[in-house]
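**Student:** Data file entry_35.cif (mmCIF, C-alpha atoms) is appended below.
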```cif
data_structure
loop_
_atom_site.label_atom_id
_atom_site.label_comp_id
_atom_site.auth_asym_id
_atom_site.auth_seq_id
_atom_site.Cartn_x
_atom_site.Cartn_y
_atom_site.Cartn_z
CA MET A 1327 -240.35 -64.10 -205.81
CA ASP A 1328 -237.21 -65.80 -204.51
CA ASN A 1329 -235.06 -63.10 -206.10
CA PHE A 1330 -237.15 -60.39 -204.43
CA GLN A 1331 -236.77 -62.06 -201.03
CA LEU A 1332 -233.02 -62.37 -201.64
CA VAL A 1333 -232.73 -58.65 -202.41
CA LEU A 1334 -234.93 -57.77 -199.44
CA ARG A 1335 -232.83 -59.94 -197.13
CA PHE A 1336 -229.67 -58.27 -198.41
CA PHE A 1337 -230.98 -54.80 -197.63
CA MET A 1338 -232.23 -55.92 -194.23
CA ASN A 1339 -228.77 -57.25 -193.41
CA GLN A 1340 -227.15 -54.04 -194.62
CA LYS A 1341 -229.48 -51.58 -192.89
CA ALA A 1342 -226.63 -49.50 -191.50
CA MET A 1343 -225.00 -49.14 -194.92
CA VAL A 1344 -228.32 -48.29 -196.58
CA GLY A 1345 -229.10 -45.77 -193.83
CA TYR A 1346 -225.74 -44.04 -194.18
CA SER A 1347 -226.09 -43.98 -197.98
CA PHE A 1348 -229.54 -42.42 -197.70
CA MET A 1349 -228.15 -39.89 -195.19
CA ALA A 1350 -225.33 -39.01 -197.60
CA ILE A 1351 -227.82 -38.44 -200.44
CA LEU A 1352 -229.94 -36.18 -198.24
CA THR A 1353 -226.82 -34.28 -197.13
CA ILE A 1354 -225.69 -33.68 -200.70
CA GLY A 1355 -229.17 -32.56 -201.73
CA GLY A 1356 -229.50 -30.27 -198.71
CA GLU A 1357 -226.11 -28.69 -199.37
CA ARG A 1358 -226.99 -28.01 -202.99
CA VAL A 1359 -230.29 -26.42 -201.99
CA PHE A 1360 -228.54 -24.20 -199.43
CA SER A 1361 -225.89 -23.19 -201.97
CA MET A 1362 -228.27 -22.33 -204.80
CA VAL A 1363 -231.33 -21.00 -202.99
CA SER A 1364 -230.48 -19.31 -199.69
CA PHE A 1365 -226.73 -18.63 -199.74
CA GLN A 1366 -225.70 -15.17 -200.94
CA CYS A 1367 -222.19 -14.15 -199.92
CA PRO A 1368 -222.23 -10.44 -198.87
CA CYS A 1369 -218.74 -9.93 -200.34
CA ASN A 1370 -217.35 -7.46 -197.82
CA HIS A 1371 -214.57 -7.74 -195.25
CA ASP A 1372 -216.87 -7.28 -192.26
CA GLN A 1373 -219.39 -10.05 -192.97
CA ASN A 1374 -217.86 -12.65 -195.27
CA PHE A 1375 -216.12 -14.71 -192.60
CA THR A 1376 -219.09 -14.80 -190.20
CA TYR A 1377 -221.63 -15.43 -192.96
CA GLY A 1378 -219.66 -18.20 -194.65
CA LEU A 1379 -218.74 -19.89 -191.35
CA THR A 1380 -222.38 -19.79 -190.23
CA PHE A 1381 -223.52 -21.67 -193.34
CA LEU A 1382 -220.60 -24.08 -193.01
CA LEU A 1383 -220.91 -24.93 -189.31
CA GLY A 1384 -224.53 -23.96 -188.51
CA PRO A 1385 -226.23 -26.92 -190.25
CA ALA A 1386 -223.57 -29.25 -188.81
CA ALA A 1387 -224.42 -28.06 -185.28
CA VAL A 1388 -228.15 -28.51 -185.95
CA LEU A 1389 -227.58 -32.04 -187.29
CA LEU A 1390 -225.53 -32.86 -184.19
CA VAL A 1391 -228.35 -31.67 -181.92
CA PHE A 1392 -230.90 -33.67 -183.92
CA GLY A 1393 -228.66 -36.73 -183.80
CA LEU A 1394 -228.52 -36.53 -180.01
CA PHE A 1395 -232.20 -35.64 -179.69
CA PHE A 1396 -233.36 -38.67 -181.68
CA SER A 1397 -230.93 -41.08 -180.02
CA THR A 1398 -232.95 -43.64 -178.07
CA ARG A 1399 -229.75 -44.87 -176.41
CA LEU A 1400 -229.13 -41.39 -174.98
CA TRP A 1401 -232.61 -41.06 -173.51
CA ARG A 1402 -232.49 -44.61 -172.19
CA LEU A 1403 -229.33 -43.71 -170.30
CA TYR A 1404 -230.36 -40.17 -169.30
CA THR A 1405 -234.03 -40.55 -168.33
CA GLY A 1406 -234.43 -40.28 -164.55
CA CYS A 1407 -230.75 -39.62 -163.84
CA CYS A 1408 -231.53 -36.27 -162.15
CA LEU A 1409 -233.51 -38.12 -159.49
CA ASN A 1410 -231.13 -41.08 -159.44
CA PRO A 1411 -227.62 -40.14 -160.68
CA MET A 1412 -226.45 -43.74 -160.26
CA LYS A 1413 -228.48 -44.63 -163.36
CA LEU A 1414 -225.70 -43.09 -165.42
CA CYS A 1415 -223.19 -45.51 -163.90
CA PRO A 1416 -225.05 -48.70 -162.99
CA ARG A 1417 -223.08 -50.96 -160.64
CA GLY A 1418 -220.45 -48.22 -160.39
CA ASN A 1419 -219.18 -48.85 -163.92
CA CYS A 1420 -218.24 -45.25 -164.80
CA PHE A 1421 -215.87 -46.32 -167.57
CA GLY A 1422 -218.67 -48.28 -169.22
CA CYS A 1423 -220.93 -45.22 -168.96
CA PHE A 1424 -218.26 -43.03 -170.56
CA ARG A 1425 -217.82 -45.58 -173.34
CA VAL A 1426 -221.55 -45.62 -174.03
CA LEU A 1427 -221.70 -41.80 -174.07
CA MET A 1428 -218.78 -41.69 -176.50
CA SER A 1429 -220.54 -44.24 -178.72
CA ILE A 1430 -223.73 -42.14 -178.67
CA PHE A 1431 -221.83 -38.94 -179.46
CA THR A 1432 -219.88 -40.65 -182.25
CA SER A 1433 -223.07 -41.91 -183.86
CA ALA A 1434 -224.57 -38.43 -183.65
CA CYS A 1435 -221.48 -36.97 -185.38
CA VAL A 1436 -222.00 -38.97 -188.59
CA ALA A 1437 -224.46 -36.52 -190.18
CA PRO A 1438 -222.51 -33.35 -189.19
CA ILE A 1439 -219.26 -34.78 -190.57
CA MET A 1440 -221.05 -35.71 -193.81
CA TRP A 1441 -222.33 -32.14 -194.08
CA LEU A 1442 -218.87 -30.63 -193.48
CA CYS A 1443 -217.25 -32.93 -196.04
CA VAL A 1444 -219.87 -32.24 -198.72
CA ALA A 1445 -219.83 -28.48 -198.06
CA LEU A 1446 -216.03 -28.31 -198.16
CA LEU A 1447 -215.77 -30.41 -201.30
CA ASN A 1448 -218.22 -28.03 -202.97
CA GLY A 1449 -216.28 -25.03 -201.63
CA THR A 1450 -218.95 -22.32 -201.85
CA PHE A 1451 -219.18 -21.59 -198.12
CA TYR A 1452 -215.43 -21.81 -197.57
CA GLU A 1453 -214.73 -19.36 -200.41
CA CYS A 1454 -216.95 -16.76 -198.80
CA ALA A 1455 -215.56 -17.32 -195.30
CA ILE A 1456 -211.84 -17.34 -196.17
CA SER A 1457 -212.11 -14.27 -198.40
CA GLY A 1458 -213.36 -12.25 -195.44
CA LEU A 1459 -210.35 -12.92 -193.23
CA ASP A 1460 -208.24 -9.80 -192.87
CA GLU A 1461 -205.31 -11.60 -191.27
CA ASN A 1462 -201.95 -10.81 -192.81
CA LEU A 1463 -201.06 -14.50 -193.01
CA VAL A 1464 -204.14 -15.28 -195.11
CA VAL A 1465 -203.89 -12.20 -197.28
CA ASP A 1466 -200.19 -12.76 -197.93
CA LEU A 1467 -200.91 -16.35 -198.89
CA PHE A 1468 -203.42 -15.46 -201.59
CA CYS A 1469 -202.02 -12.11 -202.74
CA LYS A 1470 -198.35 -13.01 -202.75
CA ASN A 1471 -196.51 -11.34 -205.65
CA LYS A 1472 -199.71 -9.51 -206.60
CA THR A 1473 -200.73 -5.87 -206.64
CA LEU A 1474 -202.26 -3.96 -203.74
CA LYS A 1475 -205.62 -4.17 -205.50
CA CYS A 1476 -205.68 -7.90 -204.71
CA ARG A 1477 -205.75 -7.14 -200.99
CA GLU A 1478 -208.52 -4.60 -201.44
CA GLU A 1479 -210.67 -6.78 -203.69
CA LEU A 1480 -210.14 -10.15 -201.99
CA ALA A 1481 -213.52 -10.05 -200.23
CA ARG A 1482 -215.33 -9.45 -203.54
CA VAL A 1483 -213.73 -12.38 -205.35
CA PRO A 1484 -216.56 -14.90 -204.52
CA CYS A 1485 -219.00 -12.49 -206.21
CA ASP A 1486 -218.88 -11.13 -209.71
CA ARG A 1487 -218.26 -7.58 -208.50
CA SER A 1488 -214.48 -7.71 -208.17
CA LYS A 1489 -212.39 -5.13 -210.05
CA LEU A 1490 -209.67 -7.70 -210.63
CA SER A 1491 -209.15 -9.15 -214.06
CA SER A 1492 -211.01 -12.33 -214.88
CA ASP A 1493 -207.78 -14.34 -214.88
CA GLU A 1494 -206.75 -13.07 -211.43
CA ARG A 1495 -210.22 -13.64 -210.04
CA MET A 1496 -210.36 -17.19 -211.44
CA GLU A 1497 -206.91 -17.93 -210.03
CA LEU A 1498 -208.00 -16.84 -206.55
CA LEU A 1499 -211.26 -18.80 -206.81
CA LEU A 1500 -209.31 -21.93 -207.78
CA MET A 1501 -207.02 -21.42 -204.78
CA PHE A 1502 -210.05 -21.06 -202.47
CA ARG A 1503 -211.67 -24.15 -203.98
CA ALA A 1504 -208.47 -26.19 -203.74
CA GLN A 1505 -207.98 -25.34 -200.07
CA SER A 1506 -211.61 -26.17 -199.32
CA GLN A 1507 -211.42 -29.54 -201.05
CA ILE A 1508 -208.10 -30.39 -199.41
CA LEU A 1509 -209.67 -29.66 -196.02
CA GLY A 1510 -212.73 -31.76 -196.92
CA TRP A 1511 -210.65 -34.74 -198.01
CA SER A 1512 -208.48 -34.37 -194.90
CA ILE A 1513 -211.58 -34.71 -192.72
CA ILE A 1514 -212.73 -37.77 -194.70
CA ILE A 1515 -209.33 -39.48 -194.43
CA PHE A 1516 -208.96 -38.62 -190.74
CA THR A 1517 -212.46 -39.88 -189.95
CA ALA A 1518 -211.90 -43.11 -191.88
CA ILE A 1519 -208.60 -43.79 -190.09
CA ILE A 1520 -210.08 -43.04 -186.65
CA SER A 1521 -213.08 -45.28 -187.40
CA LEU A 1522 -210.82 -48.12 -188.49
CA LEU A 1523 -208.54 -47.78 -185.46
CA GLY A 1524 -211.52 -47.54 -183.11
CA THR A 1525 -213.14 -50.65 -184.59
CA CYS A 1526 -209.84 -52.55 -184.42
CA PHE A 1527 -209.29 -51.53 -180.80
CA LYS A 1528 -212.86 -52.46 -179.83
CA ASN A 1529 -212.70 -55.87 -181.51
CA CYS A 1530 -209.19 -56.53 -180.21
CA ARG A 1531 -210.33 -56.04 -176.62
CA SER A 1532 -213.57 -57.98 -177.06
CA GLN A 1533 -214.09 -60.66 -174.43
CA VAL A 1534 -216.11 -62.85 -176.79
CA SER A 1535 -215.70 -64.20 -180.31
CA TYR A 1536 -216.80 -62.43 -183.47
CA LEU A 1537 -219.62 -64.93 -184.11
CA GLN A 1538 -220.98 -64.52 -180.59
CA LEU A 1539 -220.92 -60.73 -180.99
CA SER A 1540 -222.83 -61.14 -184.25
CA PHE A 1541 -225.39 -63.31 -182.49
CA TRP A 1542 -225.72 -60.69 -179.73
CA LYS A 1543 -226.37 -57.91 -182.25
CA HIS A 1544 -229.02 -59.99 -184.00
CA TYR A 1545 -230.64 -60.82 -180.67
CA ILE A 1546 -230.76 -57.17 -179.57
CA GLU A 1547 -232.33 -56.18 -182.87
CA LYS A 1548 -234.98 -58.90 -182.71
CA GLU A 1549 -235.71 -58.24 -179.04
CA LYS A 1550 -236.32 -54.57 -179.78
CA GLU A 1551 -238.63 -55.40 -182.67
CA ARG A 1552 -240.65 -57.86 -180.59
CA PHE A 1553 -240.64 -55.53 -177.56
CA ASP A 1554 -242.12 -52.70 -179.60
CA ALA A 1555 -244.75 -54.98 -181.12
CA PHE A 1556 -245.60 -56.57 -177.75
CA THR A 1557 -245.92 -53.22 -175.94
CA VAL A 1558 -248.23 -51.89 -178.67
CA ASP A 1559 -250.39 -55.02 -178.42
CA TYR A 1560 -250.43 -54.96 -174.61
CA ALA A 1561 -251.21 -51.23 -174.49
CA THR A 1562 -254.07 -51.79 -176.94
CA LYS A 1563 -255.53 -54.52 -174.73
CA LEU A 1564 -255.21 -52.29 -171.66
CA ALA A 1565 -256.91 -49.39 -173.42
CA GLU A 1566 -259.74 -51.65 -174.58
CA ARG A 1567 -260.15 -53.05 -171.08
CA ASN A 1568 -260.32 -49.60 -169.51
CA LEU A 1569 -262.74 -48.26 -172.11
CA GLN A 1570 -264.95 -51.31 -171.77
CA SER A 1571 -264.94 -50.95 -167.98
CA PHE A 1572 -265.82 -47.26 -168.24
CA PHE A 1573 -268.64 -47.50 -170.76
CA GLU A 1574 -270.12 -50.72 -169.36
CA ASN A 1575 -269.79 -49.37 -165.82
CA LYS A 1576 -268.23 -52.50 -164.34
CA ILE A 1577 -265.08 -53.54 -162.50
CA PRO A 1578 -262.21 -54.08 -164.97
CA ASN A 1579 -260.69 -57.48 -165.43
CA PRO A 1580 -257.27 -57.81 -163.72
CA MET A 1581 -254.20 -57.41 -165.92
CA PRO A 1582 -250.72 -58.23 -164.64
CA PHE A 1583 -248.07 -55.51 -164.84
CA PRO A 1584 -244.37 -55.49 -164.03
CA ASN A 1585 -243.63 -53.27 -161.05
CA HIS A 1586 -241.65 -50.03 -161.19
CA LYS A 1587 -238.41 -51.67 -160.07
CA ALA A 1588 -238.66 -54.19 -162.88
CA TRP A 1589 -239.03 -51.40 -165.45
CA GLU A 1590 -235.98 -49.68 -163.98
CA GLU A 1591 -233.88 -52.82 -164.17
CA ILE A 1592 -234.66 -53.67 -167.79
CA SER A 1593 -234.13 -50.01 -168.80
CA GLU A 1594 -230.46 -50.06 -167.78
CA TYR A 1595 -227.98 -49.95 -170.60
CA TYR A 1596 -226.39 -53.37 -170.98
CA THR A 1597 -222.85 -54.18 -172.12
CA PHE A 1598 -222.28 -57.78 -173.13
CA SER A 1599 -219.71 -59.67 -171.09
CA ARG A 1600 -218.56 -63.27 -171.01
CA THR A 1601 -218.90 -63.26 -167.21
CA GLU A 1602 -222.68 -63.26 -167.66
CA GLN A 1603 -224.48 -65.51 -170.12
CA TYR A 1604 -227.11 -62.88 -170.87
CA TYR A 1605 -227.66 -60.84 -174.00
CA SER A 1606 -229.74 -57.99 -172.58
CA THR A 1607 -231.02 -56.54 -169.34
CA LEU A 1608 -234.40 -58.08 -170.13
CA GLN A 1609 -232.95 -61.59 -170.33
CA ARG A 1610 -230.89 -60.98 -167.19
CA TYR A 1611 -234.03 -59.93 -165.33
CA VAL A 1612 -236.36 -62.73 -166.46
CA GLU A 1613 -233.78 -65.42 -165.68
CA ARG A 1614 -233.19 -64.21 -162.14
CA THR A 1615 -234.26 -66.65 -159.47
CA ASP A 1616 -235.04 -63.87 -156.97
CA ARG A 1617 -237.41 -61.90 -159.19
CA ASP A 1618 -239.90 -59.62 -157.44
CA PHE A 1619 -243.36 -60.67 -158.62
CA SER A 1620 -245.20 -58.16 -156.45
CA PRO A 1621 -247.75 -56.15 -158.44
CA GLU A 1622 -247.19 -52.56 -159.47
CA LYS A 1623 -248.18 -49.90 -156.95
CA ARG A 1624 -249.79 -47.98 -159.81
CA PRO A 1625 -247.87 -44.70 -159.67
CA VAL A 1626 -249.53 -41.64 -161.15
CA LEU A 1627 -247.61 -40.12 -164.04
CA ASP A 1628 -247.77 -36.43 -164.83
CA ILE A 1629 -247.17 -36.81 -168.55
CA GLU A 1630 -247.10 -33.06 -169.25
CA HIS A 1631 -244.19 -32.38 -166.88
CA GLY A 1632 -242.67 -35.88 -166.89
CA ILE A 1633 -242.98 -36.17 -163.08
CA GLU A 1634 -243.88 -39.37 -161.28
CA MET A 1635 -246.01 -38.94 -158.17
CA THR A 1636 -246.44 -41.87 -155.78
#
```
Show me this structure written as C-alpha cells.
**Tutor:**
Amino acid sequence: MDNFQLVLRFFMNQKAMVGYSFMAILTIGGERVFSMVSFQCPCNHDQNFTYGLTFLLGPAAVLLVFGLFFSTRLWRLYTGCCLNPMKLCPRGNCFGCFRVLMSIFTSACVAPIMWLCVALLNGTFYECAISGLDENLVVDLFCKNKTLKCREELARVPCDRSKLSSDERMELLLMFRAQSQILGWSIIIFTAIISLLGTCFKNCRSQVSYLQLSFWKHYIEKEKERFDAFTVDYATKLAERNLQSFFENKIPNPMPFPNHKAWEEISEYYTFSRTEQYYSTLQRYVERTDRDFSPEKRPVLDIEHGIEMT
C-alpha cells in the first residue's frame, strides 16, 4: 500500500510530464492512423503540394484551435472584455497581459509542434508535398545529374506508379525522407533551445525565490481544486433550496452570495509579485479590509446568448 501511494504521489507531482507524454502517444497514434487509413497522395504535379501540405499543417492548425478553445486561462482573461476592455489589462499592466497571452499561446502550441515533428520524422506527408513542387530550385536539387525523365516522373515517386527504375525511385524517396527528418529534428532542437532560454530568462527575472515560486504553484493548484469542489457543493445546496421552496410552496431560506463586483475581482488573472504578499486574486480579495459585503443584486443571466441583463 505504501508503494502504491509512493507511485501515485510521484505521478501527481509529475502531472505535466505525464500529460505531455500522453499527448505525444496520442499524436504518434493519430499520425499513424492518418498515414495508413486516410492519406492517399494523388501523385500529380497539380495536387501533390496542396494535398501533402494540407495533411501536414491542417491537423496542426486544428490542434492549435483546440488548445486555445480548451484553455481556461484564455477564457478567464477574455470573458467580458468586449464590454470592459480594461479586463485585458487590469491596473493598466499591458505588458503583463501580453506576457499572459504569450504563455497561453505557447501552451496551445505544444500539441501542434508535436504533430509537426512526428509527421516530419515519418516523412509521408512531406514526400507527397515536396514532390509536387515545380520550382526549378527544387527540381534541380533532386534531379541533378539525372535524365529528363526524373523531372517528368518526380510527382509520381511517392506512389508506385513511377516509370523510373527502382533504384532511382528509392534514391529519391530516401532524399525526401532525409529532408523531412532533418526538418523535423530542426524543429525539435529549436523548440528545446527556445524553451530552455525562455525558462532561464523567466527564472532569472523572478522577483521571488525558487522555493516561494514552488509554494505559489502548489497553492494555486490546491485553491483551484478546492474552488471547484466548493462551487459544486454550494451550487448543489442552492439547487436543493430552490427546488424545496418551489415544491413545498414556501419562502426560500436566505443564502449569502458574493456580489458581482467580487466575482469580477477574483476572476482577474493574477501575477505573483513580492510587492504583495498574496498568492491569488481570491486571497487578495478576502484579506482586503475594505471588502464590499453588500448582497448581490441578483442579475438575470441569459445563458443562451451569454448576456447579462440588470
**Student:** Evaluating the PyMOL selection byres ((chain A and resi 1379-1385) around 9) on the displayed file yields which residues, as a ChimeraX atom specification?
**Tutor:** /A:1360,1365,1374-1378,1386-1390,1438,1441-1442,1445-1446,1451-1452,1454-1456
**Student:** Using only C-alpha atoms, please write the residues we just selected to a file, as a PDB file, in the coordinates of the input.
**Tutor:**
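Once written, again.pdb looks like this:
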```pdb
ATOM      1  CA  PHE A1360    -228.540 -24.200-199.430  1.00  0.00           C
ATOM      2  CA  PHE A1365    -226.730 -18.630-199.740  1.00  0.00           C
ATOM      3  CA  ASN A1374    -217.860 -12.650-195.270  1.00  0.00           C
ATOM      4  CA  PHE A1375    -216.120 -14.710-192.600  1.00  0.00           C
ATOM      5  CA  THR A1376    -219.090 -14.800-190.200  1.00  0.00           C
ATOM      6  CA  TYR A1377    -221.630 -15.430-192.960  1.00  0.00           C
ATOM      7  CA  GLY A1378    -219.660 -18.200-194.650  1.00  0.00           C
ATOM      8  CA  ALA A1386    -223.570 -29.250-188.810  1.00  0.00           C
ATOM      9  CA  ALA A1387    -224.420 -28.060-185.280  1.00  0.00           C
ATOM     10  CA  VAL A1388    -228.150 -28.510-185.950  1.00  0.00           C
ATOM     11  CA  LEU A1389    -227.580 -32.040-187.290  1.00  0.00           C
ATOM     12  CA  LEU A1390    -225.530 -32.860-184.190  1.00  0.00           C
ATOM     13  CA  PRO A1438    -222.510 -33.350-189.190  1.00  0.00           C
ATOM     14  CA  TRP A1441    -222.330 -32.140-194.080  1.00  0.00           C
ATOM     15  CA  LEU A1442    -218.870 -30.630-193.480  1.00  0.00           C
ATOM     16  CA  ALA A1445    -219.830 -28.480-198.060  1.00  0.00           C
ATOM     17  CA  LEU A1446    -216.030 -28.310-198.160  1.00  0.00           C
ATOM     18  CA  PHE A1451    -219.180 -21.590-198.120  1.00  0.00           C
ATOM     19  CA  TYR A1452    -215.430 -21.810-197.570  1.00  0.00           C
ATOM     20  CA  CYS A1454    -216.950 -16.760-198.800  1.00  0.00           C
ATOM     21  CA  ALA A1455    -215.560 -17.320-195.300  1.00  0.00           C
ATOM     22  CA  ILE A1456    -211.840 -17.340-196.170  1.00  0.00           C
TER      23      ILE A1456
END
```
**Student:** Would you mind telling me which residue in A:Leu1500, A:Thr1450, A:Ser1457, A:Leu1490 lies nearest to Met1362 in chain A when using all atoms listed in the file?
**Tutor:** A:Thr1450
**Student:** Provide the CA of Ile1430 in chain A to CA of Trp1401 in chain A distance in Å, to one decimal place.
**Tutor:**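 That distance, rounded to one decimal, is 10.3 Å.
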**Student:** Go ahead and compute the interatomic distance for CA of Arg1487 in chain A and CA of Cys1367 in chain A, in Å to one decimal.
**Tutor:**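 Between CA of Arg1487 in chain A and CA of Cys1367 in chain A the gap is 11.5 Å.
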**Student:** Provide the CA of Glu1594 in chain A to CA of Met1412 in chain A distance in Å, to one decimal place.
**Tutor:**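 Spanning CA of Glu1594 in chain A to CA of Met1412 in chain A is a straight-line distance of 10.6 Å.
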**Student:** Give as a PyMOL selection string the residues that the PyMOL selection byres ((chain A and resi 1503) around 9) matches when applied to the coordinates above.
**Tutor:** chain A and resi 1446-1450+1452-1453+1498-1502+1504-1508
**Student:** Run the PyMOL selection byres ((chain A and resi 1436) around 10) mentally over the shown coordinates, then write out the matched residues as an MDAnalysis selection string, using the chain letters and numbers from the document.
**Tutor:** chainID A and resid 1346 1349:1350 1386 1389:1390 1393 1431:1435 1437:1441 1517
**Student:** Select, from A:His1371, A:Arg1402, A:Lys1576, A:Lys1413, the residue with the minimum atom-to-atom distance to Leu1480 in chain A, counting only C-alpha atoms.
**Tutor:**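 Of A:His1371, A:Arg1402, A:Lys1576, A:Lys1413, the one nearest Leu1480 in chain A, counting only C-alpha atoms, is A:His1371.
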